[in-house]
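**Student:** One structure is given below, represented as structure tokens, and several questions about it will come after.
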Amino acid sequence: MTSPVLDCTSFHEELRALAAELPKVPRADLHGFLDTAKEVSARLPGDIAEALDRFNTHGNEDGYLLLRGLPVEPDEQLPSTPTSTPAPTDRELLTMEAMLALAGRRLGLHTGYQELRSGSVYHDVYPSPGAHHLSSETSETLLEFHTEMAYHVLQPNYVMLACSRADHERRAATLVGSVRKALPLLSDRTRAHLYERRMPCCVDVAFRGGVEDPGAIARVKPLYGDGGDPLLGYDRELLAPEEPADKEAVAALSDALDEVTEAVHLVPGDVLIIDNFRTTHARTPFSPRWDGHDRWLHRVYIRTDRFGQLSGGERAGDVIAFSPRR
């Protein structure tokens with residue numbers, strides 16, 4: 001089986017040269033920045049381009065692709081880890097943001113979600129005191145397994161995470177559970193029960209329209225699509241089956257995903273690409289020191305024309321409004 005990890009250390013010089021062709025202040029004209037990134041991404045080193053194209057077309061059993069050893073600033077040259085969001089419009093391009101632009105445009109369209117992070121497209125992911133337990137800004141508690149925005153009609157095809165700075169003890173792990181690995185662990189009866197069955201699902205705080213608890217306003221199918229190679233819609237915190245048989249089947253799916261989970265410890269120079277239609281992911285706890293050098297990731301969401309996520313005419317950098325699955 002092909003490894004989901006690609007060592008990119010031998011391509012530093014080429015990648016730095018490509019990054020240097022990108023506009024230096026991406027948020028000043030994000031659409032233009034991403035258009036340039038699309039042009040430049042056509043000249044990515046062959047091994048990287050091939051890995052991205054293959055993953056985009058076929059996926060893999062693991063449900064993720066890890067580009068390891070990409071160029072990144074030395075820690076002392078990075079700004080302090082952010083403490084607020086969104087990033088200032090005039091912040092200059094960081095190397096890992098450039099890598100997200102080049103790899104992401106090879107895959108599809110960077111997308112912002114109107115209700116999330118003020119509609120920003122590039123997200124800084126950092127620990128924040130008192131963060132909601134469903135937020136990526138948590139640190140000292142487990143961020144539970146979830147398919148990103150499984151309740152959103154236009155959920156991203158890929159979640160991309162780039163690491164500029166790891167946590168101090170390098171304890172934090174991104175956990176990925178692939179439905180392709182979990183499926184053989186389910187009985188035929190459970191698979192048949194979950195397939196194309198709509199179940200109540202709550203939504204993340206950002207999408208609740210200011211209502212503290214609007215209840216399960218979406219309907220999500222845990223398994224759907226090609227019966228032999230189904231897609232996954234799963235959220236351990238938000239999926240809310242009501243019928244006893246539904247609860248039993250979802251519990252079996254949850255156990256199977258736990259059994260096949262892989263841990264990815266992100267280090268500076270990593271870009272992790274998660275197949276958001278065939279996996280669920282989580283993050284283990286870590287302890288911030290609040291010293292300006294805590295864990296700092298960059299996140300973007302990518303949509304492609306697979307599974308109906310694009311209808312034509314969209315542009316990288318567009319921001320879209322919430323539409324719950326029904």
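Residue numbering restarts at 1 in every chain; chains get A, B, ... in the order shown in the structure tokens, and ligands count up from 1 in that same order.
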Using only C-alpha atoms, which protein or nucleic acid residues come within 10 Å of A:Asp258? Drop anything in the same chain fewer than 3 positions from it, and give the result as a ChimeraX atom specification.
**Tutor:** /A:145,175-178,182,252-255,261-262,280
**Student:** Hey, what does DSSP flag as strand (DSSP E or B) within stretch 22-204 of chain A? Can you give it to me as a PyMOL selection string?
**Tutor:** chain A and resi 64-68+109-113+123-125+143-146+152+158-165+174-178+195+199-201
**Student:** Need the shell around A:Gly308: protein/DNA/RNA residues with any atom at most 12 Å away, counting only C-alpha atoms. Skip same-chain ones fewer than 6 positions apart. Format as a count of residues only?
**Tutor:** 7
**Student:** Residues within 10 Å of A:Asp204, please, as a PyMOL selection string. Count only C-alpha atoms; anything in the same chain fewer than 2 positions from it doesn't count.
**Tutor:** chain A and resi 116+134-135+148-149+151+201-202+206-208+213+237-238
**Student:** Can you write out as JSON lines which residues of stretch 239-314 of chain A fall within 12 Å of stretch 93-111 of chain A, alongside each residue's closest atom pair and its distance in Å to one decimal, counting only C-alpha atoms and ordering rows by chain and ascending residue number?
**Tutor:**
{"residue": "A:Val267", "atom": "CA", "partner": "A:Met96", "partner_atom": "CA", "distance": 11.6}
{"residue": "A:Pro268", "atom": "CA", "partner": "A:Met96", "partner_atom": "CA", "distance": 8.7}
{"residue": "A:Gly269", "atom": "CA", "partner": "A:Met96", "partner_atom": "CA", "distance": 7.0}
{"residue": "A:Asp270", "atom": "CA", "partner": "A:Met96", "partner_atom": "CA", "distance": 8.3}
{"residue": "A:Val271", "atom": "CA", "partner": "A:Leu100", "partner_atom": "CA", "distance": 7.4}
{"residue": "A:Leu272", "atom": "CA", "partner": "A:Leu100", "partner_atom": "CA", "distance": 9.6}
{"residue": "A:Ile273", "atom": "CA", "partner": "A:Gly104", "partner_atom": "CA", "distance": 9.0}
{"residue": "A:Ile274", "atom": "CA", "partner": "A:Gly104", "partner_atom": "CA", "distance": 11.6}
{"residue": "A:Asp275", "atom": "CA", "partner": "A:Leu107", "partner_atom": "CA", "distance": 11.3}
{"residue": "A:Trp296", "atom": "CA", "partner": "A:Met96", "partner_atom": "CA", "distance": 10.6}
{"residue": "A:Leu297", "atom": "CA", "partner": "A:Met96", "partner_atom": "CA", "distance": 8.8}
{"residue": "A:His298", "atom": "CA", "partner": "A:Glu97", "partner_atom": "CA", "distance": 6.9}
{"residue": "A:Arg299", "atom": "CA", "partner": "A:Leu100", "partner_atom": "CA", "distance": 8.2}
{"residue": "A:Val300", "atom": "CA", "partner": "A:His110", "partner_atom": "CA", "distance": 6.6}
{"residue": "A:Tyr301", "atom": "CA", "partner": "A:Thr111", "partner_atom": "CA", "distance": 5.6}
{"residue": "A:Ile302", "atom": "CA", "partner": "A:His110", "partner_atom": "CA", "distance": 4.6}
{"residue": "A:Arg303", "atom": "CA", "partner": "A:Leu109", "partner_atom": "CA", "distance": 5.2}
{"residue": "A:Thr304", "atom": "CA", "partner": "A:Gly108", "partner_atom": "CA", "distance": 4.9}
{"residue": "A:Asp305", "atom": "CA", "partner": "A:Gly108", "partner_atom": "CA", "distance": 8.0}
{"residue": "A:Arg306", "atom": "CA", "partner": "A:Gly108", "partner_atom": "CA", "distance": 9.9}
{"residue": "A:Gln309", "atom": "CA", "partner": "A:Leu109", "partner_atom": "CA", "distance": 10.3}
{"residue": "A:Leu310", "atom": "CA", "partner": "A:Leu109", "partner_atom": "CA", "distance": 9.2}
{"residue": "A:Gly312", "atom": "CA", "partner": "A:Leu109", "partner_atom": "CA", "distance": 11.5}
{"residue": "A:Gly313", "atom": "CA", "partner": "A:Leu109", "partner_atom": "CA", "distance": 11.2}
{"residue": "A:Glu314", "atom": "CA", "partner": "A:Leu109", "partner_atom": "CA", "distance": 8.1}
**Student:** Between A:Val211, A:Ala87, A:Leu161, A:Val260, which has the minimum distance to A:Leu186 (counting only C-alpha atoms)?
**Tutor:**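 For A:Leu186, the nearest of the given residues is A:Val260.
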**Student:** Give the helix (DSSP H, G or I) residues of stretch 67-306 of chain A, as assigned by DSSP on the backbone, as a JSON list (two decimals) with N, CA and C atoms, in the first residue's frame.
**Tutor:**
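So the final result, stored in states_38.json, reads:
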[["chain", "number", "residue", "atom", "x", "y", "z"],
["A", 75, "ASP", "N", 11.73, 29.21, 13.75],
["A", 75, "ASP", "CA", 10.80, 29.70, 14.76],
["A", 75, "ASP", "C", 11.08, 31.14, 15.15],
["A", 76, "GLU", "N", 12.36, 31.50, 15.28],
["A", 76, "GLU", "CA", 12.68, 32.85, 15.73],
["A", 76, "GLU", "C", 12.34, 33.92, 14.70],
["A", 77, "GLN", "N", 12.10, 33.52, 13.45],
["A", 77, "GLN", "CA", 11.73, 34.49, 12.42],
["A", 77, "GLN", "C", 10.23, 34.64, 12.25],
["A", 95, "THR", "N", 5.45, 31.36, 4.82],
["A", 95, "THR", "CA", 5.79, 30.28, 3.89],
["A", 95, "THR", "C", 4.74, 29.18, 3.90],
["A", 96, "MET", "N", 4.24, 28.82, 5.07],
["A", 96, "MET", "CA", 3.25, 27.74, 5.11],
["A", 96, "MET", "C", 1.92, 28.18, 4.49],
["A", 97, "GLU", "N", 1.60, 29.47, 4.56],
["A", 97, "GLU", "CA", 0.42, 29.96, 3.84],
["A", 97, "GLU", "C", 0.63, 29.85, 2.33],
["A", 98, "ALA", "N", 1.85, 30.08, 1.89],
["A", 98, "ALA", "CA", 2.16, 29.92, 0.46],
["A", 98, "ALA", "C", 2.01, 28.47, 0.04],
["A", 99, "MET", "N", 2.44, 27.53, 0.89],
["A", 99, "MET", "CA", 2.30, 26.12, 0.57],
["A", 99, "MET", "C", 0.83, 25.71, 0.48],
["A", 100, "LEU", "N", 0.01, 26.28, 1.37],
["A", 100, "LEU", "CA", -1.44, 26.01, 1.29],
["A", 100, "LEU", "C", -2.03, 26.57, 0.01],
["A", 101, "ALA", "N", -1.51, 27.69, -0.45],
["A", 101, "ALA", "CA", -2.01, 28.28, -1.69],
["A", 101, "ALA", "C", -1.66, 27.40, -2.88],
["A", 102, "LEU", "N", -0.42, 26.97, -2.96],
["A", 102, "LEU", "CA", 0.04, 26.20, -4.12],
["A", 102, "LEU", "C", -0.58, 24.81, -4.16],
["A", 103, "ALA", "N", -0.53, 24.10, -3.04],
["A", 103, "ALA", "CA", -1.11, 22.75, -3.01],
["A", 103, "ALA", "C", -2.62, 22.81, -3.13],
["A", 104, "GLY", "N", -3.23, 23.80, -2.45],
["A", 104, "GLY", "CA", -4.69, 23.91, -2.48],
["A", 104, "GLY", "C", -5.23, 24.23, -3.85],
["A", 105, "ARG", "N", -4.55, 25.11, -4.58],
["A", 105, "ARG", "CA", -5.03, 25.45, -5.93],
["A", 105, "ARG", "C", -4.79, 24.31, -6.91],
["A", 106, "ARG", "N", -3.86, 23.45, -6.62],
["A", 106, "ARG", "CA", -3.71, 22.24, -7.45],
["A", 106, "ARG", "C", -4.94, 21.33, -7.28],
["A", 107, "LEU", "N", -5.55, 21.40, -6.10],
["A", 107, "LEU", "CA", -6.69, 20.53, -5.78],
["A", 107, "LEU", "C", -8.03, 21.15, -6.19],
["A", 117, "ARG", "N", -15.47, 32.41, 11.37],
["A", 117, "ARG", "CA", -14.26, 33.25, 11.39],
["A", 117, "ARG", "C", -14.42, 34.51, 10.53],
["A", 118, "SER", "N", -15.58, 35.16, 10.66],
["A", 118, "SER", "CA", -15.86, 36.40, 9.93],
["A", 118, "SER", "C", -15.75, 36.22, 8.42],
["A", 119, "GLY", "N", -15.99, 35.00, 7.94],
["A", 119, "GLY", "CA", -15.95, 34.72, 6.52],
["A", 119, "GLY", "C", -14.54, 34.65, 5.95],
["A", 179, "VAL", "N", -13.21, 5.95, 6.49],
["A", 179, "VAL", "CA", -14.34, 5.04, 6.29],
["A", 179, "VAL", "C", -13.93, 3.83, 5.44],
["A", 180, "ARG", "N", -12.95, 4.02, 4.55],
["A", 180, "ARG", "CA", -12.50, 2.89, 3.74],
["A", 180, "ARG", "C", -11.87, 1.80, 4.59],
["A", 181, "LYS", "N", -11.25, 2.19, 5.70],
["A", 181, "LYS", "CA", -10.68, 1.21, 6.61],
["A", 181, "LYS", "C", -11.71, 0.68, 7.61],
["A", 182, "ALA", "N", -12.65, 1.53, 7.98],
["A", 182, "ALA", "CA", -13.64, 1.14, 8.98],
["A", 182, "ALA", "C", -14.73, 0.24, 8.42],
["A", 183, "LEU", "N", -15.05, 0.42, 7.14],
["A", 183, "LEU", "CA", -16.19, -0.29, 6.56],
["A", 183, "LEU", "C", -16.12, -1.81, 6.72],
["A", 184, "PRO", "N", -14.95, -2.45, 6.48],
["A", 184, "PRO", "CA", -14.91, -3.90, 6.63],
["A", 184, "PRO", "C", -15.17, -4.39, 8.05],
["A", 185, "LEU", "N", -15.10, -3.50, 9.04],
["A", 185, "LEU", "CA", -15.33, -3.88, 10.43],
["A", 185, "LEU", "C", -16.81, -3.85, 10.79],
["A", 188, "ASP", "N", -22.83, -6.47, 7.71],
["A", 188, "ASP", "CA", -23.66, -6.11, 6.56],
["A", 188, "ASP", "C", -24.95, -5.43, 7.02],
["A", 189, "ARG", "N", -25.47, -5.89, 8.13],
["A", 189, "ARG", "CA", -26.72, -5.32, 8.66],
["A", 189, "ARG", "C", -26.52, -3.86, 9.07],
["A", 190, "THR", "N", -25.42, -3.58, 9.74],
["A", 190, "THR", "CA", -25.15, -2.21, 10.17],
["A", 190, "THR", "C", -24.92, -1.30, 8.97],
["A", 191, "ARG", "N", -24.14, -1.79, 8.02],
["A", 191, "ARG", "CA", -23.89, -0.99, 6.81],
["A", 191, "ARG", "C", -25.20, -0.66, 6.11],
["A", 192, "ALA", "N", -26.06, -1.66, 5.96],
["A", 192, "ALA", "CA", -27.34, -1.44, 5.27],
["A", 192, "ALA", "C", -28.21, -0.45, 6.03],
["A", 193, "HIS", "N", -28.16, -0.50, 7.36],
["A", 193, "HIS", "CA", -28.99, 0.40, 8.16],
["A", 193, "HIS", "C", -28.52, 1.85, 8.03],
["A", 194, "LEU", "N", -27.21, 2.05, 8.02],
["A", 194, "LEU", "CA", -26.66, 3.40, 7.98],
["A", 194, "LEU", "C", -26.73, 4.02, 6.58],
["A", 205, "VAL", "N", -21.43, 26.08, 16.71],
["A", 205, "VAL", "CA", -21.90, 27.35, 17.26],
["A", 205, "VAL", "C", -21.97, 28.45, 16.20],
["A", 206, "ALA", "N", -20.99, 28.51, 15.32],
["A", 206, "ALA", "CA", -20.94, 29.59, 14.32],
["A", 206, "ALA", "C", -22.14, 29.59, 13.40],
["A", 207, "PHE", "N", -22.77, 28.42, 13.24],
["A", 207, "PHE", "CA", -23.87, 28.30, 12.27],
["A", 207, "PHE", "C", -25.24, 28.30, 12.94],
["A", 244, "PRO", "N", -33.64, 3.81, 18.62],
["A", 244, "PRO", "CA", -32.67, 2.86, 19.21],
["A", 244, "PRO", "C", -31.80, 2.16, 18.18],
["A", 245, "ALA", "N", -32.40, 1.75, 17.06],
["A", 245, "ALA", "CA", -31.62, 1.06, 16.02],
["A", 245, "ALA", "C", -30.60, 2.00, 15.39],
["A", 246, "ASP", "N", -30.97, 3.28, 15.25],
["A", 246, "ASP", "CA", -30.04, 4.27, 14.71],
["A", 246, "ASP", "C", -28.87, 4.48, 15.68],
["A", 247, "LYS", "N", -29.19, 4.61, 16.96],
["A", 247, "LYS", "CA", -28.14, 4.80, 17.96],
["A", 247, "LYS", "C", -27.17, 3.61, 17.98],
["A", 248, "GLU", "N", -27.70, 2.42, 17.87],
["A", 248, "GLU", "CA", -26.86, 1.22, 17.87],
["A", 248, "GLU", "C", -25.94, 1.18, 16.65],
["A", 249, "ALA", "N", -26.48, 1.54, 15.49],
["A", 249, "ALA", "CA", -25.68, 1.50, 14.27],
["A", 249, "ALA", "C", -24.60, 2.58, 14.29],
["A", 250, "VAL", "N", -24.94, 3.78, 14.77],
["A", 250, "VAL", "CA", -23.95, 4.85, 14.84],
["A", 250, "VAL", "C", -22.85, 4.49, 15.85],
["A", 251, "ALA", "N", -23.22, 3.84, 16.95],
["A", 251, "ALA", "CA", -22.23, 3.41, 17.93],
["A", 251, "ALA", "C", -21.26, 2.39, 17.32],
["A", 252, "ALA", "N", -21.78, 1.49, 16.49],
["A", 252, "ALA", "CA", -20.91, 0.52, 15.83],
["A", 252, "ALA", "C", -19.96, 1.21, 14.85],
["A", 253, "LEU", "N", -20.48, 2.20, 14.13],
["A", 253, "LEU", "CA", -19.63, 2.98, 13.22],
["A", 253, "LEU", "C", -18.56, 3.72, 14.01],
["A", 254, "SER", "N", -18.95, 4.30, 15.12],
["A", 254, "SER", "CA", -18.00, 5.04, 15.96],
["A", 254, "SER", "C", -16.88, 4.12, 16.44],
["A", 255, "ASP", "N", -17.24, 2.94, 16.89],
["A", 255, "ASP", "CA", -16.23, 1.98, 17.37],
["A", 255, "ASP", "C", -15.28, 1.58, 16.24],
["A", 256, "ALA", "N", -15.83, 1.36, 15.05],
["A", 256, "ALA", "CA", -14.99, 0.97, 13.91],
["A", 256, "ALA", "C", -14.02, 2.08, 13.54],
["A", 257, "LEU", "N", -14.49, 3.33, 13.56],
["A", 257, "LEU", "CA", -13.61, 4.46, 13.25],
["A", 257, "LEU", "C", -12.51, 4.59, 14.30],
["A", 258, "ASP", "N", -12.85, 4.37, 15.56],
["A", 258, "ASP", "CA", -11.84, 4.39, 16.63],
["A", 258, "ASP", "C", -10.76, 3.35, 16.36],
["A", 259, "GLU", "N", -11.18, 2.18, 15.92],
["A", 259, "GLU", "CA", -10.24, 1.07, 15.74],
["A", 259, "GLU", "C", -9.24, 1.32, 14.63],
["A", 306, "ARG", "N", -16.20, 17.53, -7.30],
["A", 306, "ARG", "CA", -16.66, 16.19, -6.91],
["A", 306, "ARG", "C", -17.78, 16.29, -5.88]]
**Student:** Quick one: residues within 12 Å of A:Pro88, only C-alpha atoms counted, chain neighbours fewer than 2 positions away excluded, as number ranges by chain?
**Tutor:** A: 25-28, 82-86, 90-93, 120, 122-124
**Student:** May I have the selected residues written with all heavy atoms, as a compact mmCIF listing (two decimals), in the first residue's frame?
**Tutor:**
# COMPACT_ATOMS: atom_id res chain seq x y z
N VAL A 25 1.31 40.19 0.10
CA VAL A 25 0.27 40.49 1.08
C VAL A 25 -1.03 39.86 0.59
O VAL A 25 -1.84 40.51 -0.08
CB VAL A 25 0.11 42.01 1.29
CG1 VAL A 25 -0.88 42.29 2.42
CG2 VAL A 25 1.45 42.66 1.59
N PRO A 26 -1.24 38.59 0.87
CA PRO A 26 -2.35 37.85 0.23
C PRO A 26 -3.73 38.40 0.52
O PRO A 26 -4.60 38.39 -0.35
CB PRO A 26 -2.19 36.43 0.78
CG PRO A 26 -1.34 36.57 2.01
CD PRO A 26 -0.44 37.73 1.76
N ARG A 27 -3.97 38.90 1.73
CA ARG A 27 -5.32 39.32 2.10
C ARG A 27 -5.71 40.66 1.50
O ARG A 27 -6.88 41.04 1.55
CB ARG A 27 -5.44 39.35 3.62
CG ARG A 27 -5.33 37.96 4.25
CD ARG A 27 -5.11 38.02 5.75
NE ARG A 27 -4.91 36.69 6.32
CZ ARG A 27 -3.75 36.03 6.30
NH1 ARG A 27 -2.66 36.60 5.76
NH2 ARG A 27 -3.65 34.82 6.83
N ALA A 28 -4.74 41.38 0.93
CA ALA A 28 -5.05 42.66 0.29
C ALA A 28 -5.90 42.45 -0.96
O ALA A 28 -6.72 43.29 -1.32
CB ALA A 28 -3.76 43.40 -0.06
N PRO A 82 -0.66 33.96 17.01
CA PRO A 82 -1.77 34.91 17.15
C PRO A 82 -2.60 34.67 18.40
O PRO A 82 -2.63 33.56 18.96
CB PRO A 82 -2.61 34.66 15.89
CG PRO A 82 -1.67 34.03 14.92
CD PRO A 82 -0.72 33.21 15.74
N THR A 83 -3.29 35.68 18.82
CA THR A 83 -4.22 35.58 19.93
C THR A 83 -5.61 36.08 19.55
O THR A 83 -6.50 36.15 20.39
CB THR A 83 -3.71 36.41 21.14
OG1 THR A 83 -3.53 37.77 20.72
CG2 THR A 83 -2.39 35.85 21.66
N SER A 84 -5.79 36.46 18.28
CA SER A 84 -7.10 36.93 17.81
C SER A 84 -7.25 36.57 16.34
O SER A 84 -6.29 36.26 15.65
CB SER A 84 -7.25 38.44 18.01
OG SER A 84 -6.30 39.14 17.22
N THR A 85 -8.51 36.62 15.90
CA THR A 85 -8.83 36.29 14.52
C THR A 85 -9.91 37.24 14.03
O THR A 85 -10.71 37.73 14.84
CB THR A 85 -9.29 34.82 14.42
OG1 THR A 85 -9.39 34.41 13.07
CG2 THR A 85 -10.62 34.58 15.12
N PRO A 86 -9.98 37.56 12.73
CA PRO A 86 -9.10 37.10 11.65
C PRO A 86 -7.76 37.83 11.65
O PRO A 86 -7.58 38.81 12.37
CB PRO A 86 -9.90 37.43 10.39
CG PRO A 86 -10.73 38.61 10.78
CD PRO A 86 -11.08 38.40 12.23
N ASP A 90 -3.08 43.37 6.38
CA ASP A 90 -1.74 43.72 5.87
C ASP A 90 -0.65 42.75 6.31
O ASP A 90 0.53 43.02 6.09
CB ASP A 90 -1.37 45.14 6.28
CG ASP A 90 -1.32 45.34 7.80
OD1 ASP A 90 -1.66 44.39 8.54
OD2 ASP A 90 -0.95 46.45 8.24
N ARG A 91 -1.02 41.62 6.94
CA ARG A 91 0.01 40.67 7.34
C ARG A 91 0.66 40.04 6.11
O ARG A 91 -0.03 39.57 5.19
CB ARG A 91 -0.56 39.57 8.24
CG ARG A 91 0.55 38.71 8.89
CD ARG A 91 -0.01 37.73 9.88
NE ARG A 91 -0.44 36.49 9.27
CZ ARG A 91 -1.14 35.54 9.89
NH1 ARG A 91 -1.52 35.74 11.15
NH2 ARG A 91 -1.49 34.44 9.27
N GLU A 92 1.96 40.02 6.09
CA GLU A 92 2.68 39.48 4.94
C GLU A 92 2.58 37.95 4.90
O GLU A 92 2.37 37.29 5.92
CB GLU A 92 4.14 39.92 4.96
CG GLU A 92 4.31 41.41 4.72
CD GLU A 92 5.75 41.81 4.44
OE1 GLU A 92 6.65 40.93 4.47
OE2 GLU A 92 5.98 43.01 4.21
N LEU A 93 2.75 37.43 3.70
CA LEU A 93 2.63 36.00 3.45
C LEU A 93 3.67 35.21 4.23
O LEU A 93 4.86 35.52 4.21
CB LEU A 93 2.81 35.74 1.94
CG LEU A 93 2.71 34.30 1.47
CD1 LEU A 93 1.30 33.76 1.65
CD2 LEU A 93 3.13 34.21 -0.01
N SER A 120 -13.54 34.59 6.80
CA SER A 120 -12.16 34.55 6.30
C SER A 120 -11.87 33.21 5.65
O SER A 120 -12.46 32.18 5.97
CB SER A 120 -11.15 34.83 7.42
OG SER A 120 -11.32 33.93 8.50
N TYR A 122 -8.41 32.10 5.00
CA TYR A 122 -7.26 31.56 5.73
C TYR A 122 -7.54 31.69 7.23
O TYR A 122 -7.81 32.79 7.72
CB TYR A 122 -5.99 32.34 5.39
CG TYR A 122 -5.19 31.79 4.24
CD1 TYR A 122 -5.50 32.16 2.94
CD2 TYR A 122 -4.14 30.91 4.44
CE1 TYR A 122 -4.76 31.68 1.86
CE2 TYR A 122 -3.40 30.41 3.38
CZ TYR A 122 -3.71 30.81 2.10
OH TYR A 122 -2.98 30.32 1.04
N HIS A 123 -7.44 30.58 7.95
CA HIS A 123 -7.68 30.59 9.39
C HIS A 123 -6.37 30.33 10.13
O HIS A 123 -5.67 29.35 9.83
CB HIS A 123 -8.68 29.50 9.79
CG HIS A 123 -10.02 29.64 9.17
ND1 HIS A 123 -10.97 28.63 9.21
CD2 HIS A 123 -10.59 30.66 8.48
CE1 HIS A 123 -12.05 29.03 8.58
NE2 HIS A 123 -11.85 30.25 8.12
N ASP A 124 -6.06 31.16 11.11
CA ASP A 124 -5.03 30.82 12.08
C ASP A 124 -5.66 29.92 13.13
O ASP A 124 -6.75 30.24 13.66
CB ASP A 124 -4.49 32.08 12.76
CG ASP A 124 -3.66 32.94 11.82
OD1 ASP A 124 -2.83 32.38 11.09
OD2 ASP A 124 -3.84 34.17 11.84
**Student:** Under the rule that only C-alpha atoms are counted, which of A:Pro324, A:Pro222, A:Gly32, A:Tyr126 is the nearest residue to A:Ser80?
**Tutor:**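 Selected residue with least distance to A:Ser80: A:Tyr126.
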**Student:** Using only C-alpha atoms, which of the listed residues (A:Lys221, A:His265, A:His58, A:Arg278) sits closest to A:Arg326?
**Tutor:** A:Lys221
**Student:** Between atom CA of A:Arg170 and atom CA of A:Tyr64, what is the distance, to one decimal in Å?
**Tutor:** 20.3 Å
